[in-house]
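**Q** Take a look at the following structure, please.
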Amino acid sequence: MPANLQRLTGITVWDGDVEVGPATLSWDGDRIVEVAPTAPVQSELSIIPGLIDTHVHLDSAAVPGAGDWMTWPLVTPVSERSLHVVAHARRAAAMGVTTLRDLSGSEPQLSAARAFDAGLIPGPRLLVHGAVGMTAGHGDLFTPPHYPHRGPVADSPDECRKLVRQWAREGADGIKIFTSGGVLSIGDKVGWRNQTREEIAATIDEAHALGMLVAAHAHSSEGVDIALEMGVDSIEHGTGILPRHWDVLLERNIPVAPTLLINDAIAERRIPVSDEAAEKGRAVVAERDENFVGAAAAGIRFVLGTDANGVFVAFGDQLEELRLMKRAFSWSSERTLRAGTSDAADAIRLTTKVGRLAPGLGADFVVVRGKPWRDIDDLTAENIVAVVARGRLVAGALPS
C-alpha cells in the first residue's frame, strides 16, 4: 500500500459523467488510485470533481478598499500583485474551483502558477494565457489612454508572431485574442474590429505551431465570424452568436464561455461602473439573451467561464454562474455540472488530468452535502464540506 494513501469510503460519487453510487475514493498525493463501488456509509454527503473556470482574471486587489480596480494593477508592484493572485486563487479553491484559466495573464499569474505547481503553496491548478491585441484594442484600453506604461501590443503580423513567441518563452499555456471591442475597456465600442485578419491568422498559426490554445474574446457577430474563420479554439462571451454560426460551432465542437453573471452585474450596475460601461453592458445582455436561447437549444457547447476578477464577479460566484447557466439554457442539473467539470476540462485540454474522478487522474474533488448533479441548488458555499486540490486539503475537513 502506498505510504501516503488516503481514502473516503461509502460516500456517493458522481465522477464527472455519471453517478457511480456509494464508493471508495482513494488517492496518493496528486493521483487518484481507486474509485470502487462499496456499501454506503454516509447518505448525506457526495463527492464530485473539482470545478473548472475556463475564464478568469486574477490580477486585482484581493482586499477591500485597495482603490480603483482599473488603476490598482498600474500602481502596485508585480511582486505584491502576485500575492493577491494567490489569495484570489485560493479563495476560488476553497469554494470548490480547483482549476482556473486566466485569460490575459502576465508575470504575477505566471509566478503564482509556478508556486502552485511546485507545491510551495497549496492551491488550485492555474493556466495562464498571454494576450495578443492591438494598440487601442479591448485589451490595451484597460489601461487609461494617456497612461504611459502599458502592456505589450502587436500591430502587424510579424509583431503578433513575436509576441506569441515571447509568451511561450515566459511559460504561458495559451494565447488570448480579441475579435471585437469590449464592455469595461475605456472609450472603445463593442463593435470595433480588433486587428486585421492577417494579424489574427499569424497569431493563431504561431500559437498552434507552439502547441498553445487560442481563446477569442468576441462580443459582436462579426467578431464571431472572424474567430471561426481564423480557427480559434474557444469563444469567450459569444454575445453575437447567430444561427449562421451554429453549424461550424457544432462541427468543430468549439466551447463557448458565456460569462453571464458579470454582464448582468454591469448592466444592472450592481457595482459602480461608468455610464459608458453600463450602456454597453445593457446592449450586450439584450443581444445575448436573444441569441443564447436558440444556441443552447441547438446544442452549442457552453462551458463554465465567468470572467471573475474578484470585483465584478467574486471568486466563489462560479456556483451562482452554474445556476444561471441552468436557467438560461434550460439544462438539467447534471448537464450543468458537466459544463463546470468534465466538459470544461475537455475544452482546455486537461481531459487526462482533471474534471473527472478516475484512477490515474489528478486528485481534485469536492465533498458536498446533497447531490448537485440531481439538483444544482445543492452546490452552495454552505454545503461544501471539504475541498481537495492536487491531493491536498485546501478547505474544510474530510469526513471520518
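Every chain in the C-alpha cells takes a letter, A first, then B, and so on in the order presented; its residues are numbered from 1, and the ligands are numbered from 1 following the presented order.
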Enumerate, in order of chain and increasing residue number, the residues of region 96-117 of chain A with an atom no farther than 8 Å from region 32-56 of chain A, each with its shortest atom pair and distance in Å to one decimal, counting only C-alpha atoms, as CSV.
**A**
residue,atom,partner,partner_atom,distance
A:Gly96,CA,A:Gly50,CA,5.6
A:Val97,CA,A:Leu51,CA,4.4
A:Thr98,CA,A:Gly50,CA,5.2
A:Thr99,CA,A:Ile52,CA,4.7
A:Leu100,CA,A:Asp53,CA,5.1
A:Arg101,CA,A:Thr54,CA,4.9
A:Asp102,CA,A:Val56,CA,4.8
A:Leu103,CA,A:His55,CA,6.0
**Q** Among region 72-196 of chain A, which residues does DSSP mark as alpha helix (DSSP H) when it is run on the backbone? Keep the chain and numbering as in the structure and answer as number ranges by chain.
**A** A: 72-75, 78-94, 107-117, 157-170
**Q** Could you write out the selected residues, including C-alpha atoms, as a short mmCIF file (atom, residue, chain, number, x, y, z; two decimals), in the first residue's frame?
**A**
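Now in part01.cif:
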data_model
loop_
_atom_site.label_atom_id
_atom_site.label_comp_id
_atom_site.auth_asym_id
_atom_site.auth_seq_id
_atom_site.Cartn_x
_atom_site.Cartn_y
_atom_site.Cartn_z
CA TRP A 72 -4.64 49.21 -8.86
CA PRO A 73 -2.50 46.97 -11.15
CA LEU A 74 -0.77 50.06 -12.54
CA VAL A 75 0.42 51.37 -9.17
CA VAL A 78 4.40 42.99 -9.58
CA SER A 79 5.77 41.12 -6.57
CA GLU A 80 2.90 42.40 -4.43
CA ARG A 81 0.28 41.71 -7.12
CA SER A 82 1.35 38.07 -7.29
CA LEU A 83 0.35 37.67 -3.63
CA HIS A 84 -3.13 38.94 -4.45
CA VAL A 85 -3.30 36.48 -7.37
CA VAL A 86 -2.53 33.67 -4.94
CA ALA A 87 -5.17 34.93 -2.49
CA HIS A 88 -7.85 35.03 -5.21
CA ALA A 89 -6.91 31.58 -6.48
CA ARG A 90 -7.01 30.04 -3.01
CA ARG A 91 -10.37 31.71 -2.35
CA ALA A 92 -11.72 30.10 -5.52
CA ALA A 93 -10.31 26.72 -4.50
CA ALA A 94 -11.98 26.97 -1.09
CA GLU A 107 4.12 37.89 -14.70
CA PRO A 108 2.02 37.85 -11.47
CA GLN A 109 -0.16 34.96 -12.67
CA LEU A 110 2.79 33.05 -14.13
CA SER A 111 4.64 33.41 -10.81
CA ALA A 112 1.62 32.17 -8.85
CA ALA A 113 1.12 29.24 -11.23
CA ARG A 114 4.73 28.13 -10.77
CA ALA A 115 4.38 28.36 -6.98
CA PHE A 116 1.25 26.19 -7.06
CA ASP A 117 2.86 23.70 -9.44
CA PRO A 157 1.57 40.00 -38.42
CA ASP A 158 5.26 39.90 -37.55
CA GLU A 159 4.66 41.64 -34.21
CA CYS A 160 1.90 39.15 -33.47
CA ARG A 161 4.21 36.21 -34.13
CA LYS A 162 6.92 37.72 -31.97
CA LEU A 163 4.55 38.36 -29.06
CA VAL A 164 3.23 34.80 -29.19
CA ARG A 165 6.82 33.55 -29.04
CA GLN A 166 7.57 35.84 -26.11
CA TRP A 167 4.58 34.49 -24.20
CA ALA A 168 5.69 30.94 -24.97
CA ARG A 169 9.18 31.74 -23.67
CA GLU A 170 7.68 33.08 -20.43
#
**Q** I'd like the neighbourhood of Leu242 (chain A) as an MDAnalysis selection string, where a residue qualifies if any of its atoms comes within 12 Å (using only C-alpha atoms), though same-chain residues fewer than 4 positions away should be ignored.
**A** chainID A and resid 219:225 238 246:249 287:296 298 300
**Q** Counting only C-alpha atoms, figure out which residue out of A:Val214, A:Arg270, A:Gly137, A:Leu250 gets nearest to Thr196 (chain A).
**A**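 Looking at the shortest contact to Thr196 (chain A), the residue is A:Gly137.
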**Q** Identify, with DSSP run on backbone atoms, the residues in region 203-352 of chain A assigned to strand (DSSP E or B), and express the list as a list in words.
**A**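 Those in region 203-352 of chain A that DSSP calls strand (DSSP E or B) are Leu213, Val214, Ala215, Ala216, His217, Ala218, Ser234, Ile235, Glu236, His237, Pro255, Val256, Ala257, Arg301, Phe302 and Ala308 of chain A.
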**Q** Write the residues of the selection above to a file with all heavy atoms, as a compact mmCIF listing (two decimals), in the first residue's frame.
**A**
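Written output follows (part_37.txt):
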# COMPACT_ATOMS: atom_id res chain seq x y z
N LEU A 213 -3.33 26.73 -27.11
CA LEU A 213 -4.71 27.03 -27.47
C LEU A 213 -4.90 28.53 -27.61
O LEU A 213 -4.22 29.33 -26.96
CB LEU A 213 -5.67 26.51 -26.40
CG LEU A 213 -5.78 24.99 -26.23
CD1 LEU A 213 -6.74 24.67 -25.08
CD2 LEU A 213 -6.29 24.34 -27.52
N VAL A 214 -5.87 28.92 -28.46
CA VAL A 214 -6.18 30.33 -28.67
C VAL A 214 -7.65 30.57 -28.30
O VAL A 214 -8.55 29.97 -28.89
CB VAL A 214 -5.94 30.76 -30.12
CG1 VAL A 214 -6.33 32.23 -30.32
CG2 VAL A 214 -4.49 30.54 -30.51
N ALA A 215 -7.86 31.43 -27.32
CA ALA A 215 -9.19 31.82 -26.88
C ALA A 215 -9.51 33.20 -27.44
O ALA A 215 -8.68 34.11 -27.35
CB ALA A 215 -9.27 31.85 -25.36
N ALA A 216 -10.70 33.36 -28.03
CA ALA A 216 -11.06 34.62 -28.69
C ALA A 216 -12.17 35.33 -27.94
O ALA A 216 -13.30 34.83 -27.86
CB ALA A 216 -11.49 34.37 -30.12
N HIS A 217 -11.86 36.50 -27.39
CA HIS A 217 -12.89 37.41 -26.88
C HIS A 217 -13.71 37.90 -28.07
O HIS A 217 -13.17 38.48 -29.02
CB HIS A 217 -12.20 38.59 -26.18
CG HIS A 217 -13.05 39.81 -26.01
ND1 HIS A 217 -13.59 40.18 -24.80
CD2 HIS A 217 -13.43 40.77 -26.90
CE1 HIS A 217 -14.29 41.30 -24.96
NE2 HIS A 217 -14.19 41.67 -26.22
N ALA A 218 -15.02 37.66 -28.03
CA ALA A 218 -15.88 38.07 -29.16
C ALA A 218 -17.27 38.40 -28.65
O ALA A 218 -17.99 37.52 -28.18
CB ALA A 218 -15.95 36.95 -30.20
N SER A 234 -11.59 28.48 -28.78
CA SER A 234 -12.76 28.74 -27.93
C SER A 234 -13.25 30.16 -28.18
O SER A 234 -12.49 31.04 -28.61
CB SER A 234 -12.43 28.55 -26.44
OG SER A 234 -11.55 29.56 -25.97
N ILE A 235 -14.53 30.36 -27.88
CA ILE A 235 -15.15 31.69 -27.96
C ILE A 235 -15.44 32.14 -26.55
O ILE A 235 -16.08 31.42 -25.77
CB ILE A 235 -16.46 31.65 -28.78
CG1 ILE A 235 -16.22 31.13 -30.20
CG2 ILE A 235 -17.11 33.04 -28.79
CD1 ILE A 235 -15.46 32.07 -31.09
N GLU A 236 -15.01 33.34 -26.22
CA GLU A 236 -15.25 33.91 -24.89
C GLU A 236 -16.33 34.98 -25.00
O GLU A 236 -16.24 35.88 -25.82
CB GLU A 236 -13.96 34.51 -24.35
CG GLU A 236 -12.76 33.57 -24.41
CD GLU A 236 -13.00 32.26 -23.67
OE1 GLU A 236 -13.53 32.31 -22.54
OE2 GLU A 236 -12.65 31.19 -24.22
N HIS A 237 -17.36 34.85 -24.21
CA HIS A 237 -18.57 35.68 -24.19
C HIS A 237 -19.56 35.21 -25.26
O HIS A 237 -20.64 34.75 -24.94
CB HIS A 237 -18.26 37.18 -24.35
CG HIS A 237 -17.14 37.67 -23.50
ND1 HIS A 237 -17.18 37.60 -22.12
CD2 HIS A 237 -15.93 38.21 -23.82
CE1 HIS A 237 -16.05 38.09 -21.62
NE2 HIS A 237 -15.27 38.46 -22.63
N PRO A 255 -15.93 25.18 -27.69
CA PRO A 255 -16.55 25.62 -26.44
C PRO A 255 -16.77 27.13 -26.41
O PRO A 255 -15.98 27.90 -26.98
CB PRO A 255 -15.55 25.18 -25.37
CG PRO A 255 -14.24 25.14 -26.09
CD PRO A 255 -14.53 24.76 -27.51
N VAL A 256 -17.83 27.53 -25.72
CA VAL A 256 -18.16 28.94 -25.56
C VAL A 256 -18.33 29.22 -24.07
O VAL A 256 -19.10 28.54 -23.39
CB VAL A 256 -19.47 29.30 -26.29
CG1 VAL A 256 -19.82 30.78 -26.08
CG2 VAL A 256 -19.37 28.98 -27.78
N ALA A 257 -17.60 30.19 -23.55
CA ALA A 257 -17.75 30.61 -22.16
C ALA A 257 -18.71 31.80 -22.13
O ALA A 257 -18.37 32.89 -22.60
CB ALA A 257 -16.40 31.02 -21.57
N ARG A 301 -21.87 24.28 -27.37
CA ARG A 301 -21.13 23.76 -26.22
C ARG A 301 -20.73 24.87 -25.25
O ARG A 301 -19.61 25.37 -25.24
CB ARG A 301 -19.89 23.04 -26.74
CG ARG A 301 -19.09 22.32 -25.68
CD ARG A 301 -17.82 21.79 -26.29
NE ARG A 301 -16.99 21.05 -25.35
CZ ARG A 301 -15.78 20.63 -25.62
NH1 ARG A 301 -15.23 20.89 -26.80
NH2 ARG A 301 -15.09 19.97 -24.70
N PHE A 302 -21.65 25.26 -24.39
CA PHE A 302 -21.36 26.25 -23.36
C PHE A 302 -20.67 25.57 -22.18
O PHE A 302 -21.12 24.54 -21.69
CB PHE A 302 -22.64 26.93 -22.89
CG PHE A 302 -23.28 27.83 -23.91
CD1 PHE A 302 -24.44 27.44 -24.57
CD2 PHE A 302 -22.73 29.05 -24.23
CE1 PHE A 302 -25.04 28.26 -25.51
CE2 PHE A 302 -23.31 29.89 -25.17
CZ PHE A 302 -24.46 29.49 -25.82
N ALA A 308 -14.54 36.15 -13.83
CA ALA A 308 -14.37 36.61 -12.45
C ALA A 308 -13.04 37.32 -12.27
O ALA A 308 -12.01 36.86 -12.77
CB ALA A 308 -14.46 35.43 -11.49
**Q** Would you mind telling me which residue in A:Thr239, A:Ser60, A:Asn383, A:Ser333 lies nearest to Phe315 (chain A) when using only C-alpha atoms?
**A**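 Ranking A:Thr239, A:Ser60, A:Asn383, A:Ser333 by distance to Phe315 (chain A), first place goes to A:Ser60.
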**Q** Can you tell me which residues surround Gly151 (chain A) at a distance of at most 9 Å, considering only C-alpha atoms, apart from same-chain residues fewer than 3 positions away, and format the answer as a PyMOL selection string?
**A** chain A and resi 139-140+143
**Q** Taking N, CA, C and O atoms for each residue, export the selection above as a short mmCIF file (atom, residue, chain, number, x, y, z; two decimals), in the first residue's frame.
**A**
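So the final result, stored in again_28.cif, reads:
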data_model
loop_
_atom_site.label_atom_id
_atom_site.label_comp_id
_atom_site.auth_asym_id
_atom_site.auth_seq_id
_atom_site.Cartn_x
_atom_site.Cartn_y
_atom_site.Cartn_z
N GLY A 139 -8.00 44.93 -25.08
CA GLY A 139 -7.01 44.66 -24.04
C GLY A 139 -6.20 45.89 -23.68
O GLY A 139 -5.95 46.16 -22.50
N ASP A 140 -5.81 46.68 -24.66
CA ASP A 140 -4.98 47.86 -24.43
C ASP A 140 -5.74 48.93 -23.65
O ASP A 140 -5.16 49.66 -22.85
N THR A 143 -5.95 49.95 -19.76
CA THR A 143 -5.04 50.95 -19.23
C THR A 143 -5.55 52.31 -19.70
O THR A 143 -5.83 52.48 -20.90
#
**Q** Just to confirm, what's the straight-line distance from CA of Phe142 (chain A) to CA of Ile186 (chain A) in Å (one decimal)?
**A**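 Separation between CA of Phe142 (chain A) and CA of Ile186 (chain A): 6.2 Å.
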**Q** Env of Lys189 (chain A): 9 Å cut, atoms = only C-alpha atoms, seq-sep filter 3 positions within chain, self excluded. Answer as a PyMOL selection string.
**A** chain A and resi 138+180-183+185-186+192+280
**Q** Since we have the selection now, will you write its residues out, keeping C-alpha atoms, as a PDB file, in the first residue's frame?
**A**
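Dumped everything to again23.pdb:
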ATOM      1  CA  HIS A 138     -10.011  45.994 -25.950  1.00  0.00           C
ATOM      2  CA  SER A 180     -14.384  42.738 -31.038  1.00  0.00           C
ATOM      3  CA  GLY A 181     -14.346  45.606 -28.597  1.00  0.00           C
ATOM      4  CA  GLY A 182     -15.445  45.157 -25.016  1.00  0.00           C
ATOM      5  CA  VAL A 183     -17.667  46.406 -22.216  1.00  0.00           C
ATOM      6  CA  SER A 185     -12.470  48.901 -21.695  1.00  0.00           C
ATOM      7  CA  ILE A 186     -12.242  52.689 -21.851  1.00  0.00           C
ATOM      8  CA  TRP A 192     -14.906  47.734 -33.108  1.00  0.00           C
ATOM      9  CA  LYS A 280     -22.577  48.742 -23.307  1.00  0.00           C
TER      10      LYS A 280
END
